[in-house]
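Let me begin by presenting the structure, written as structure tokens, before commenting on it.
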Amino acid sequence: MKKLRVIMAAFLVATSFGSIAQTIPHSENPKLIAVVNSAKWCGVCKANAARFSAVLMPYAAKGVNIYMNDITNETTKEASKKELEKANAYVAVSTIPRKGMGKMLKACGLASDKKQTQDVSGIVTFINPKTHKQVKQLSIAESDEVMTATINSLLN
């Protein structure tokens, strides 16, 4: 039965990255939390959804709670925010440390804080379920090998 639910969840995610968080089984005591930021307008999401889902979904049966953060529009953002807040994952997903261009903007005086709330699609954020802090963030366009190695290392 558990395998059937995982297969069905993988199929649904493969066909659409929409608001399907309810169909993904969640453990009461997860080993890791994965939040996938996606949007209907996101080219990276469209190009990688099926492949990425095939890699990520089997981990739902291994103690990874997977949540979809649909940032397509204000309505979907609000619905996703409520689900992520219930899981104590919203802060870890919505506050992204500055790097690259953000550091340059800070150096130029155009940005002053160390963190900036952003809507970035096509990424998966891994969160420690005990501390609810972000532990890793990857593009869903990463190779299957990189994604699998990352998840396995975070589970150990």
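Naming works like this for the structure tokens: A, B, ... for the chains as they're shown, residue 1 at the start of each chain, ligands 1 onward in shown order.
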
Quiz item: Could you name the residues that touch stretch 67-76 of chain A at 6 Å or less, counting only C-alpha atoms, but leaving out those on the same chain fewer than 2 positions away, as an MDAnalysis selection string?
Solution: chainID A and resid 21 35:40 78:80

Put those residues in a file: N, CA, C and O atoms, as a PDB file, in the first residue's frame.
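Result written to result-v9.pdb:
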```
ATOM      1  N   ALA A  21       0.518  18.819  -2.305  1.00  0.00           N
ATOM      2  CA  ALA A  21       1.173  18.432  -1.053  1.00  0.00           C
ATOM      3  C   ALA A  21       0.322  17.449  -0.260  1.00  0.00           C
ATOM      4  O   ALA A  21       0.846  16.607   0.452  1.00  0.00           O
ATOM      5  N   VAL A  35      11.427  20.786   0.602  1.00  0.00           N
ATOM      6  CA  VAL A  35      10.409  21.696   0.081  1.00  0.00           C
ATOM      7  C   VAL A  35      10.808  22.055  -1.353  1.00  0.00           C
ATOM      8  O   VAL A  35      11.892  22.584  -1.585  1.00  0.00           O
ATOM      9  N   VAL A  36       9.910  21.763  -2.277  1.00  0.00           N
ATOM     10  CA  VAL A  36      10.167  22.036  -3.689  1.00  0.00           C
ATOM     11  C   VAL A  36       9.432  23.310  -4.086  1.00  0.00           C
ATOM     12  O   VAL A  36       8.211  23.368  -4.042  1.00  0.00           O
ATOM     13  N   ASN A  37      10.194  24.345  -4.448  1.00  0.00           N
ATOM     14  CA  ASN A  37       9.603  25.586  -4.950  1.00  0.00           C
ATOM     15  C   ASN A  37       9.352  25.411  -6.443  1.00  0.00           C
ATOM     16  O   ASN A  37      10.287  25.136  -7.202  1.00  0.00           O
ATOM     17  N   SER A  38       8.102  25.569  -6.838  1.00  0.00           N
ATOM     18  CA  SER A  38       7.758  25.428  -8.248  1.00  0.00           C
ATOM     19  C   SER A  38       6.710  26.453  -8.644  1.00  0.00           C
ATOM     20  O   SER A  38       6.061  27.048  -7.793  1.00  0.00           O
ATOM     21  N   ALA A  39       6.595  26.648  -9.936  1.00  0.00           N
ATOM     22  CA  ALA A  39       5.604  27.572 -10.482  1.00  0.00           C
ATOM     23  C   ALA A  39       5.229  27.100 -11.885  1.00  0.00           C
ATOM     24  O   ALA A  39       6.054  26.511 -12.590  1.00  0.00           O
ATOM     25  N   LYS A  40       4.000  27.349 -12.279  1.00  0.00           N
ATOM     26  CA  LYS A  40       3.542  26.942 -13.606  1.00  0.00           C
ATOM     27  C   LYS A  40       4.299  27.667 -14.708  1.00  0.00           C
ATOM     28  O   LYS A  40       4.421  27.153 -15.811  1.00  0.00           O
ATOM     29  N   GLU A  78      -0.099  31.789  -0.975  1.00  0.00           N
ATOM     30  CA  GLU A  78      -0.746  31.828   0.340  1.00  0.00           C
ATOM     31  C   GLU A  78      -1.133  30.428   0.801  1.00  0.00           C
ATOM     32  O   GLU A  78      -0.950  30.076   1.971  1.00  0.00           O
ATOM     33  N   ALA A  79      -1.661  29.611  -0.107  1.00  0.00           N
ATOM     34  CA  ALA A  79      -2.029  28.234   0.249  1.00  0.00           C
ATOM     35  C   ALA A  79      -0.790  27.428   0.639  1.00  0.00           C
ATOM     36  O   ALA A  79      -0.808  26.691   1.634  1.00  0.00           O
ATOM     37  N   SER A  80       0.279  27.588  -0.112  1.00  0.00           N
ATOM     38  CA  SER A  80       1.531  26.887   0.200  1.00  0.00           C
ATOM     39  C   SER A  80       2.103  27.370   1.521  1.00  0.00           C
ATOM     40  O   SER A  80       2.601  26.570   2.322  1.00  0.00           O
TER      41      SER A  80
END
```

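In terms of minimum interatomic distance to A:Pro25, A:Ile66 ranks closest within A:His132, A:Gln137, A:Ile66, A:Ala92, counting only C-alpha atoms.
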
Quiz item: Quick one, how far is atom CA of A:Ala61 from atom CA of A:Ser27?
Solution: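 Rounded to one decimal, the two atoms are 8.6 Å apart.
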
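Of note, atom CA of A:Ile123 and atom CA of A:His26 are spaced 19.9 Å apart.
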
Exercise. Considering only C-alpha atoms, state which residue in the set A:Ile140, A:Leu155, A:Lys86, A:Val64 is at the smallest distance from A:Ala47.
Key: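 Of A:Ile140, A:Leu155, A:Lys86, A:Val64, the one nearest A:Ala47 is A:Ile140, counting only C-alpha atoms.
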
Exercise. Please indicate the distance in Å from atom CA of A:Lys77 to atom CA of A:Leu138, rounded to one decimal place.
Key: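 Straight-line distance from atom CA of A:Lys77 to atom CA of A:Leu138 works out to 20.2 Å.
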
Exercise. Just the residues within 10 Å of A:Asp144, please, counting only C-alpha atoms, with nothing from its chain fewer than 2 positions along; format it as a PyMOL selection string.
Key: chain A and resi 51-52+54-56+140-142+146-150
